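Novice: PDB, C-alpha atoms, pLDDT in the B column, saved as final.pdb, coming up:
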ATOM      1  CA  MET A   1      19.718 -23.811  -2.681  1.00 76.00           C
ATOM      2  CA  ASN A   2      18.192 -20.370  -2.019  1.00 95.00           C
ATOM      3  CA  TYR A   3      15.237 -20.532  -4.431  1.00 98.00           C
ATOM      4  CA  ILE A   4      12.677 -22.978  -5.715  1.00 97.00           C
ATOM      5  CA  ALA A   5      11.435 -22.932  -9.309  1.00 96.00           C
ATOM      6  CA  LEU A   6       8.297 -20.842  -9.719  1.00 96.00           C
ATOM      7  CA  GLU A   7       6.467 -23.809 -11.253  1.00 94.00           C
ATOM      8  CA  ASP A   8       7.280 -25.841  -8.103  1.00 95.00           C
ATOM      9  CA  TYR A   9       6.020 -23.133  -5.743  1.00 96.00           C
ATOM     10  CA  LYS A  10       2.901 -24.300  -3.906  1.00 94.00           C
ATOM     11  CA  LYS A  11       1.053 -21.043  -4.636  1.00 95.00           C
ATOM     12  CA  ALA A  12       2.313 -20.545  -8.187  1.00 96.00           C
ATOM     13  CA  TRP A  13      -1.281 -20.332  -9.452  1.00 96.00           C
ATOM     14  CA  ILE A  14      -1.349 -16.677  -8.355  1.00 96.00           C
ATOM     15  CA  PHE A  15       1.192 -15.941 -11.078  1.00 97.00           C
ATOM     16  CA  ARG A  16      -0.745 -17.928 -13.719  1.00 95.00           C
ATOM     17  CA  HIS A  17      -4.143 -16.288 -13.171  1.00 92.00           C
ATOM     18  CA  GLN A  18      -5.778 -15.888 -16.596  1.00 92.00           C
ATOM     19  CA  GLU A  19      -7.254 -12.469 -15.835  1.00 92.00           C
ATOM     20  CA  LEU A  20      -3.902 -11.146 -14.576  1.00 95.00           C
ATOM     21  CA  PRO A  21      -1.325 -12.346 -17.109  1.00 96.00           C
ATOM     22  CA  ILE A  22       2.372 -11.858 -16.365  1.00 97.00           C
ATOM     23  CA  SER A  23       5.079 -11.644 -19.018  1.00 97.00           C
ATOM     24  CA  GLU A  24       7.672 -14.397 -19.140  1.00 97.00           C
ATOM     25  CA  ASP A  25      10.358 -11.785 -18.378  1.00 98.00           C
ATOM     26  CA  ASP A  26       8.553 -10.778 -15.186  1.00 98.00           C
ATOM     27  CA  LYS A  27       7.880 -14.409 -14.201  1.00 98.00           C
ATOM     28  CA  ALA A  28      11.609 -15.077 -14.483  1.00 98.00           C
ATOM     29  CA  GLN A  29      12.210 -12.401 -11.832  1.00 98.00           C
ATOM     30  CA  ILE A  30       9.699 -13.801  -9.331  1.00 98.00           C
ATOM     31  CA  LYS A  31      11.776 -16.115  -7.158  1.00 98.00           C
ATOM     32  CA  PRO A  32      10.178 -17.993  -4.272  1.00 98.00           C
ATOM     33  CA  MET A  33      12.799 -18.683  -1.628  1.00 98.00           C
ATOM     34  CA  SER A  34      13.426 -22.104  -0.179  1.00 98.00           C
ATOM     35  CA  ALA A  35      12.010 -22.587   3.323  1.00 97.00           C
ATOM     36  CA  THR A  36      15.540 -22.458   4.754  1.00 97.00           C
ATOM     37  CA  ARG A  37      16.392 -19.174   3.025  1.00 98.00           C
ATOM     38  CA  SER A  38      12.937 -17.720   3.854  1.00 98.00           C
ATOM     39  CA  THR A  39      13.431 -18.511   7.531  1.00 98.00           C
ATOM     40  CA  GLN A  40      16.901 -16.948   7.500  1.00 98.00           C
ATOM     41  CA  LEU A  41      15.668 -13.716   5.916  1.00 98.00           C
ATOM     42  CA  TRP A  42      12.600 -13.618   8.193  1.00 98.00           C
ATOM     43  CA  LYS A  43      14.704 -13.982  11.338  1.00 97.00           C
ATOM     44  CA  GLU A  44      17.220 -11.366  10.134  1.00 97.00           C
ATOM     45  CA  ARG A  45      14.772  -8.743   8.858  1.00 97.00           C
ATOM     46  CA  ILE A  46      11.301  -9.440  10.282  1.00 97.00           C
ATOM     47  CA  SER A  47      11.216 -11.271  13.616  1.00 97.00           C
ATOM     48  CA  LYS A  48      13.261 -13.681  15.681  1.00 96.00           C
ATOM     49  CA  GLN A  49      10.241 -14.515  17.880  1.00 96.00           C
ATOM     50  CA  SER A  50       7.154 -14.598  15.618  1.00 97.00           C
ATOM     51  CA  ASP A  51       6.748 -16.839  12.588  1.00 97.00           C
ATOM     52  CA  HIS A  52       3.682 -15.173  11.021  1.00 97.00           C
ATOM     53  CA  PRO A  53       2.276 -11.618  10.894  1.00 97.00           C
ATOM     54  CA  ASP A  54      -0.691 -12.723  13.002  1.00 95.00           C
ATOM     55  CA  PHE A  55       1.654 -13.388  15.907  1.00 96.00           C
ATOM     56  CA  PHE A  56       3.776 -10.222  16.065  1.00 97.00           C
ATOM     57  CA  LYS A  57       4.242  -9.054  19.629  1.00 96.00           C
ATOM     58  CA  LYS A  58       6.164  -6.573  21.745  1.00 96.00           C
ATOM     59  CA  GLY A  59       9.754  -6.583  20.563  1.00 94.00           C
ATOM     60  CA  ASP A  60       8.838  -7.008  16.875  1.00 97.00           C
ATOM     61  CA  TRP A  61       9.238  -3.778  14.906  1.00 97.00           C
ATOM     62  CA  ALA A  62       6.054  -4.607  12.938  1.00 97.00           C
ATOM     63  CA  PHE A  63       4.091  -4.667  16.216  1.00 97.00           C
ATOM     64  CA  GLU A  64       5.194  -1.188  17.282  1.00 96.00           C
ATOM     65  CA  ILE A  65       2.764   1.646  16.531  1.00 95.00           C
ATOM     66  CA  GLU A  66       5.686   4.007  15.795  1.00 96.00           C
ATOM     67  CA  THR A  67       6.643   1.885  12.775  1.00 97.00           C
ATOM     68  CA  TRP A  68       3.519   2.848  10.831  1.00 98.00           C
ATOM     69  CA  GLN A  69       3.007   6.366   9.480  1.00 96.00           C
ATOM     70  CA  GLU A  70       0.285   6.091   6.833  1.00 97.00           C
ATOM     71  CA  GLN A  71      -2.637   3.886   5.951  1.00 97.00           C
ATOM     72  CA  GLY A  72      -4.655   3.351   2.823  1.00 97.00           C
ATOM     73  CA  GLU A  73      -6.976   1.007   1.015  1.00 97.00           C
ATOM     74  CA  TRP A  74      -5.963  -1.377  -1.770  1.00 97.00           C
ATOM     75  CA  GLU A  75      -9.020  -3.574  -2.308  1.00 95.00           C
ATOM     76  CA  SER A  76     -11.134  -1.200  -4.401  1.00 94.00           C
ATOM     77  CA  ILE A  77      -8.218  -0.668  -6.785  1.00 95.00           C
ATOM     78  CA  PHE A  78      -7.574  -4.409  -6.864  1.00 95.00           C
ATOM     79  CA  ASP A  79     -11.187  -4.951  -7.929  1.00 93.00           C
ATOM     80  CA  SER A  80     -11.031  -2.221 -10.603  1.00 94.00           C
ATOM     81  CA  ALA A  81      -9.509  -2.135 -14.082  1.00 92.00           C
ATOM     82  CA  ASP A  82      -6.752   0.163 -12.753  1.00 93.00           C
ATOM     83  CA  THR A  83      -3.420  -1.650 -12.835  1.00 94.00           C
ATOM     84  CA  ALA A  84      -1.342   0.851 -10.845  1.00 96.00           C
ATOM     85  CA  LEU A  85      -0.547   0.384  -7.184  1.00 97.00           C
ATOM     86  CA  PRO A  86      -2.455   2.724  -4.862  1.00 97.00           C
ATOM     87  CA  GLU A  87      -1.116   6.255  -5.284  1.00 97.00           C
ATOM     88  CA  LEU A  88      -0.153   6.585  -1.606  1.00 97.00           C
ATOM     89  CA  ILE A  89       2.238   3.635  -1.944  1.00 98.00           C
ATOM     90  CA  LEU A  90       3.795   5.021  -5.123  1.00 97.00           C
ATOM     91  CA  GLU A  91       4.234   8.432  -3.460  1.00 96.00           C
ATOM     92  CA  SER A  92       5.700   7.011  -0.243  1.00 96.00           C
ATOM     93  CA  ILE A  93       8.068   4.372  -1.615  1.00 96.00           C
ATOM     94  CA  GLU A  94      10.901   5.861  -3.651  1.00 94.00           C
ATOM     95  CA  TRP A  95      12.705   2.691  -4.683  1.00 98.00           C
ATOM     96  CA  GLN A  96      14.314   2.264  -8.089  1.00 98.00           C
ATOM     97  CA  ASP A  97      12.643  -0.364 -10.295  1.00 98.00           C
ATOM     98  CA  ASN A  98      15.682  -2.669  -9.920  1.00 98.00           C
ATOM     99  CA  THR A  99      15.579  -2.538  -6.090  1.00 98.00           C
ATOM    100  CA  VAL A 100      15.393  -6.081  -4.709  1.00 98.00           C
ATOM    101  CA  VAL A 101      12.174  -6.605  -2.765  1.00 98.00           C
ATOM    102  CA  TYR A 102      10.985  -9.381  -0.481  1.00 98.00           C
ATOM    103  CA  TYR A 103       7.308 -10.282  -0.212  1.00 98.00           C
ATOM    104  CA  CYS A 104       7.233 -11.837   3.238  1.00 98.00           C
ATOM    105  CA  CYS A 105       4.138 -13.941   3.888  1.00 97.00           C
ATOM    106  CA  ASP A 106       5.472 -15.886   6.863  1.00 97.00           C
ATOM    107  CA  GLN A 107       8.689 -17.398   8.145  1.00 97.00           C
ATOM    108  CA  ASN A 108       8.670 -20.182   5.515  1.00 97.00           C
ATOM    109  CA  ASN A 109       7.202 -18.243   2.608  1.00 97.00           C
ATOM    110  CA  VAL A 110       9.144 -15.314   1.143  1.00 98.00           C
ATOM    111  CA  ILE A 111       9.271 -14.307  -2.511  1.00 98.00           C
ATOM    112  CA  GLU A 112      12.131 -12.246  -3.915  1.00 98.00           C
ATOM    113  CA  SER A 113      11.643  -9.997  -6.920  1.00 98.00           C
ATOM    114  CA  ASN A 114      12.278  -6.354  -7.753  1.00 98.00           C
ATOM    115  CA  TRP A 115      10.236  -3.212  -7.312  1.00 98.00           C
ATOM    116  CA  GLY A 116       9.470  -2.848 -11.029  1.00 98.00           C
ATOM    117  CA  VAL A 117       8.062  -6.383 -11.275  1.00 98.00           C
ATOM    118  CA  PHE A 118       6.109  -5.950  -8.042  1.00 98.00           C
ATOM    119  CA  LYS A 119       4.533  -2.714  -9.296  1.00 98.00           C
ATOM    120  CA  ARG A 120       3.422  -4.444 -12.510  1.00 97.00           C
ATOM    121  CA  CYS A 121       2.255  -7.673 -10.832  1.00 98.00           C
ATOM    122  CA  TRP A 122       1.013  -6.456  -7.446  1.00 98.00           C
ATOM    123  CA  LYS A 123      -2.485  -7.798  -7.986  1.00 97.00           C
ATOM    124  CA  ASN A 124      -1.092 -11.306  -8.429  1.00 97.00           C
ATOM    125  CA  PHE A 125       0.996 -11.019  -5.271  1.00 98.00           C
ATOM    126  CA  LEU A 126      -1.993  -9.745  -3.318  1.00 97.00           C
ATOM    127  CA  PHE A 127      -3.857 -13.007  -3.618  1.00 95.00           C
ATOM    128  CA  MET A 128      -1.716 -13.572  -0.504  1.00 94.00           C
ATOM    129  CA  ASP A 129      -2.663 -10.613   1.678  1.00 93.00           C
ATOM    130  CA  ASP A 130      -2.716 -11.961   5.219  1.00 93.00           C
ATOM    131  CA  GLY A 131      -0.576  -9.288   6.855  1.00 97.00           C
ATOM    132  CA  VAL A 132       2.174  -9.729   4.271  1.00 98.00           C
ATOM    133  CA  LEU A 133       5.156  -7.390   4.536  1.00 98.00           C
ATOM    134  CA  LEU A 134       6.911  -5.909   1.515  1.00 98.00           C
ATOM    135  CA  ILE A 135      10.454  -4.881   2.363  1.00 98.00           C
ATOM    136  CA  ALA A 136      13.473  -4.069   0.229  1.00 98.00           C
ATOM    137  CA  LYS A 137      17.133  -4.872   0.388  1.00 97.00           C
ATOM    138  CA  LYS A 138      19.091  -2.151   2.198  1.00 95.00           C
ATOM    139  CA  ARG A 139      15.978   0.020   2.652  1.00 97.00           C
ATOM    140  CA  ASN A 140      13.928   0.909   5.725  1.00 96.00           C
ATOM    141  CA  GLU A 141      10.539   1.496   4.092  1.00 97.00           C
ATOM    142  CA  VAL A 142       7.900  -1.212   4.511  1.00 98.00           C
ATOM    143  CA  VAL A 143       4.360  -1.820   3.296  1.00 98.00           C
ATOM    144  CA  GLN A 144       2.029  -4.252   5.018  1.00 98.00           C
ATOM    145  CA  PHE A 145      -0.995  -5.587   3.124  1.00 98.00           C
ATOM    146  CA  LEU A 146      -3.889  -6.703   5.293  1.00 97.00           C
ATOM    147  CA  SER A 147      -6.709  -9.080   4.383  1.00 95.00           C
ATOM    148  CA  ASN A 148      -9.320  -6.442   5.254  1.00 96.00           C
ATOM    149  CA  GLY A 149      -8.321  -4.552   2.086  1.00 96.00           C
ATOM    150  CA  SER A 150      -6.116  -1.974   3.767  1.00 97.00           C
ATOM    151  CA  PHE A 151      -2.384  -1.359   3.840  1.00 98.00           C
ATOM    152  CA  GLN A 152      -0.024   0.524   6.074  1.00 98.00           C
ATOM    153  CA  ILE A 153       3.266   2.171   5.189  1.00 98.00           C
ATOM    154  CA  GLY A 154       6.098   2.630   7.614  1.00 98.00           C
ATOM    155  CA  LYS A 155       9.787   2.686   8.390  1.00 97.00           C
ATOM    156  CA  ILE A 156      11.661  -0.161   9.963  1.00 95.00           C
ATOM    157  CA  ASN A 157      13.551   1.035  13.012  1.00 80.00           C
ATOM    158  CA  GLN A 158      15.786  -1.866  13.932  1.00 58.00           C
ATOM    159  CA  GLN A 159      19.444  -2.321  14.557  1.00 46.00           C
ATOM    160  CA  ASN A 160      20.933  -5.084  12.364  1.00 39.00           C
TER     161      ASN A 160
END
Please rewrite the model in this file as structure tokens.
Specialist:
Amino acid sequence: MNYIALEDYKKAWIFRHQELPISEDDKAQIKPMSATRSTQLWKERISKQSDHPDFFKKGDWAFEIETWQEQGEWESIFDSADTALPELILESIEWQDNTVVYYCCDQNNVIESNWGVFKRCWKNFLFMDDGVLLIAKKRNEVVQFLSNGSFQIGKINQQN
């Protein structure tokens, strides 16, 4: 089994927050991965040696300074009535709304969705902001959301 039901997900409350309602259609496209599938994707796309963003080290693409091209701030927008992602992210990431995305919290905690749902529900996702990486299927762009209210945008340069 690759996914667990959203209602069985240990952090499902982030998608039920009363002040940030999500449509049933969008909820249906938010698919937490099983720990086994999360670990597989993490080891294939993120790191074979580090199990959490706090522990990236030399040899992990996310650790390398060359990966990251731009930085911005998400927290003030998160705290505002504005529902759009920060403009720098929208300008830098040119994915189609149906592009499959992976919200990678750690080796055992990855959520699959699509870019359109993420753009609409990003504030819910960002209740988990501890160095989380947003990557997409068959794409090299990456966004990392940090708990200090900032983000960085980059390109994955790895051979897989």
Novice: Using all atoms listed in the file, which of the listed residues (A:Val110, A:Ile65, A:Leu126, A:Ile93) sits closest to Asn140 (chain A)?
Specialist: A:Ile93
Novice: Have a look at A:Pro86, A:Ser80, A:Trp61, A:Glu112 and name the one nearest to Ala5 (chain A); count only C-alpha atoms.
Specialist: A:Glu112
Novice: Run the PyMOL selection byres ((chain A and resi 98) around 8) against the file shown and list the residues it catches, as a ChimeraX atom specification.
Specialist: /A:96-97,99-100,114-116
Novice: How would the residues just chosen look if you wrote them out with C-alpha atoms as a PDB file, keeping the file's coordinate frame?
Specialist:
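Okay, selection_7.pdb is ready:
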ATOM      1  CA  GLN A  96      14.314   2.264  -8.089  1.00 98.00           C
ATOM      2  CA  ASP A  97      12.643  -0.364 -10.295  1.00 98.00           C
ATOM      3  CA  THR A  99      15.579  -2.538  -6.090  1.00 98.00           C
ATOM      4  CA  VAL A 100      15.393  -6.081  -4.709  1.00 98.00           C
ATOM      5  CA  ASN A 114      12.278  -6.354  -7.753  1.00 98.00           C
ATOM      6  CA  TRP A 115      10.236  -3.212  -7.312  1.00 98.00           C
ATOM      7  CA  GLY A 116       9.470  -2.848 -11.029  1.00 98.00           C
TER       8      GLY A 116
END
Novice: What's the 7 Å shell around Lys137 (chain A), counting all atoms listed in the file, without same-chain residues fewer than 2 positions away, as an NGL selection string?
Specialist: :A and (100-101 or 135 or 139)
Novice: Keeping C-alpha atoms, export the residues of the selection given above as a short mmCIF file (atom, residue, chain, number, x, y, z; two decimals), in the coordinates of the input.
Specialist:
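What follows is the written file result23.cif:
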data_model
loop_
_atom_site.label_atom_id
_atom_site.label_comp_id
_atom_site.auth_asym_id
_atom_site.auth_seq_id
_atom_site.Cartn_x
_atom_site.Cartn_y
_atom_site.Cartn_z
CA VAL A 100 15.39 -6.08 -4.71
CA VAL A 101 12.17 -6.60 -2.76
CA ILE A 135 10.45 -4.88 2.36
CA ARG A 139 15.98 0.02 2.65
#
Novice: So which residues get picked by the PyMOL selection byres ((chain A and resi 69) around 9) here, written as an NGL selection string?
Specialist: :A and (65-68 or 70-71 or 152-155)
Novice: Between CA of Asp106 (chain A) and CA of Arg37 (chain A), what is the spacing in Å?
Specialist: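 Interatomic distance, CA of Arg37 (chain A) to CA of Asp106 (chain A): 12.0 Å.
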Novice: Compile the contact shell of Ser150 (chain A) as a ChimeraX atom specification: residues with an atom at most 9 Å away, counting all atoms listed in the file, same-chain residues fewer than 6 positions apart removed.
Specialist: /A:71-75,144
Novice: Please enumerate the residues selected by the PyMOL selection byres ((chain A and resi 10) around 12) when evaluated against the supplied file, formatted as a list in words.
Specialist: Ile4, Ala5, Leu6, Glu7, Asp8, Tyr9, Lys11, Ala12, Trp13, Ile14, Phe15, Pro32, Met33, Ser34, Ala35, Asn108, Asn109 and Ile111 of chain A
Novice: Select, from A:Asp51, A:Ala136, A:Phe151, A:Gln18, the residue with the minimum atom-to-atom distance to Glu87 (chain A), counting only C-alpha atoms.
Specialist: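 Using only C-alpha atoms, Glu87 (chain A) sits closest to A:Phe151.
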Novice: Pro53 (chain A): which residues within 9 Å, counting all atoms listed in the file, same-chain residues fewer than 5 positions away excluded, as JSON, numbers by chain?
Specialist: {"A": [62, 63, 105, 106, 130, 131, 132, 133]}
Novice: Any idea what the distance is between CA of Gln107 (chain A) and CA of Asn148 (chain A)?
Specialist: 21.3 Å
Novice: For Asp25 (chain A), which residue out of A:Ser113, A:Gln40, A:Ser92, A:Thr83 is the nearest one, using only C-alpha atoms?
Specialist: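 When distances to Asp25 (chain A) are compared using only C-alpha atoms, the smallest one comes from A:Ser113.
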Novice: Mind giving me the straight-line distance from CA of Asp26 (chain A) to CA of Val117 (chain A) in Å, one decimal?
Specialist: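 Separation between CA of Asp26 (chain A) and CA of Val117 (chain A): 5.9 Å.
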Novice: Can you report as lines of an AutoDock Vina configuration file the centre and edge lengths in Å, to one decimal, of an axis-aligned box around the listed atoms of region 140-143 of chain A padded with 6 Å on each side?
Specialist:
center_x = 9.1
center_y = -0.2
center_z = 4.5
size_x = 21.6
size_y = 15.3
size_z = 14.4
Novice: Calculated over all atoms listed in the file, which of the candidates A:Leu20, A:Ser50, A:Lys123, A:Leu146 has the smallest distance to Ile77 (chain A)?
Specialist: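 For Ile77 (chain A), the nearest of the given residues is A:Lys123.
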Novice: Would you please work out which residue, of A:His52, A:Gly149, A:Arg45, A:Gly59, is nearest to Asp129 (chain A) when using all atoms listed in the file?
Specialist: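 Ranking A:His52, A:Gly149, A:Arg45, A:Gly59 by distance to Asp129 (chain A), first place goes to A:Gly149.
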Novice: How about completing region 57-81 of chain A with N, CA and C atoms and giving it to me as a short mmCIF file (atom, residue, chain, number, x, y, z; two decimals), in the frame of the given file?
Specialist:
data_model
loop_
_atom_site.label_atom_id
_atom_site.label_comp_id
_atom_site.auth_asym_id
_atom_site.auth_seq_id
_atom_site.Cartn_x
_atom_site.Cartn_y
_atom_site.Cartn_z
N LYS A 57 4.45 -9.49 18.26
CA LYS A 57 4.24 -9.05 19.63
C LYS A 57 5.31 -8.05 20.03
N LYS A 58 5.20 -7.56 21.24
CA LYS A 58 6.16 -6.57 21.74
C LYS A 58 7.58 -7.08 21.49
N GLY A 59 8.40 -6.21 20.93
CA GLY A 59 9.75 -6.58 20.56
C GLY A 59 9.92 -6.76 19.06
N ASP A 60 8.81 -6.95 18.34
CA ASP A 60 8.84 -7.01 16.88
C ASP A 60 8.59 -5.60 16.35
N TRP A 61 9.43 -5.13 15.44
CA TRP A 61 9.24 -3.78 14.91
C TRP A 61 7.87 -3.63 14.24
N ALA A 62 7.35 -4.69 13.62
CA ALA A 62 6.05 -4.61 12.94
C ALA A 62 4.89 -4.45 13.93
N PHE A 63 5.12 -4.78 15.18
CA PHE A 63 4.09 -4.67 16.22
C PHE A 63 4.00 -3.24 16.76
N GLU A 64 5.09 -2.51 16.67
CA GLU A 64 5.19 -1.19 17.28
C GLU A 64 4.42 -0.13 16.49
N ILE A 65 3.58 0.61 17.16
CA ILE A 65 2.76 1.65 16.53
C ILE A 65 3.63 2.68 15.82
N GLU A 66 4.81 2.99 16.38
CA GLU A 66 5.69 4.01 15.80
C GLU A 66 6.19 3.62 14.41
N THR A 67 6.17 2.34 14.08
CA THR A 67 6.64 1.88 12.78
C THR A 67 5.79 2.45 11.65
N TRP A 68 4.48 2.58 11.90
CA TRP A 68 3.52 2.85 10.83
C TRP A 68 3.12 4.31 10.79
N GLN A 69 3.32 4.95 9.63
CA GLN A 69 3.01 6.37 9.48
C GLN A 69 1.74 6.65 8.69
N GLU A 70 1.43 5.81 7.70
CA GLU A 70 0.28 6.09 6.83
C GLU A 70 -0.50 4.82 6.57
N GLN A 71 -1.77 5.01 6.27
CA GLN A 71 -2.64 3.89 5.95
C GLN A 71 -3.44 4.21 4.71
N GLY A 72 -3.83 3.17 4.01
CA GLY A 72 -4.66 3.35 2.82
C GLY A 72 -5.45 2.09 2.54
N GLU A 73 -6.10 2.10 1.40
CA GLU A 73 -6.98 1.01 1.01
C GLU A 73 -6.56 0.50 -0.36
N TRP A 74 -6.38 -0.80 -0.49
CA TRP A 74 -5.96 -1.38 -1.77
C TRP A 74 -7.08 -2.15 -2.46
N GLU A 75 -8.06 -2.63 -1.74
CA GLU A 75 -9.02 -3.57 -2.31
C GLU A 75 -9.87 -3.00 -3.44
N SER A 76 -10.30 -1.76 -3.33
CA SER A 76 -11.13 -1.20 -4.40
C SER A 76 -10.34 -1.07 -5.69
N ILE A 77 -9.06 -0.75 -5.60
CA ILE A 77 -8.22 -0.67 -6.78
C ILE A 77 -7.97 -2.07 -7.33
N PHE A 78 -7.76 -3.02 -6.46
CA PHE A 78 -7.57 -4.41 -6.86
C PHE A 78 -8.77 -4.89 -7.68
N ASP A 79 -9.96 -4.51 -7.26
CA ASP A 79 -11.19 -4.95 -7.93
C ASP A 79 -11.52 -4.14 -9.18
N SER A 80 -10.76 -3.09 -9.45
CA SER A 80 -11.03 -2.22 -10.60
C SER A 80 -10.15 -2.61 -11.79
N ALA A 81 -10.34 -1.91 -12.89
CA ALA A 81 -9.51 -2.13 -14.08
C ALA A 81 -8.16 -1.42 -13.96
#
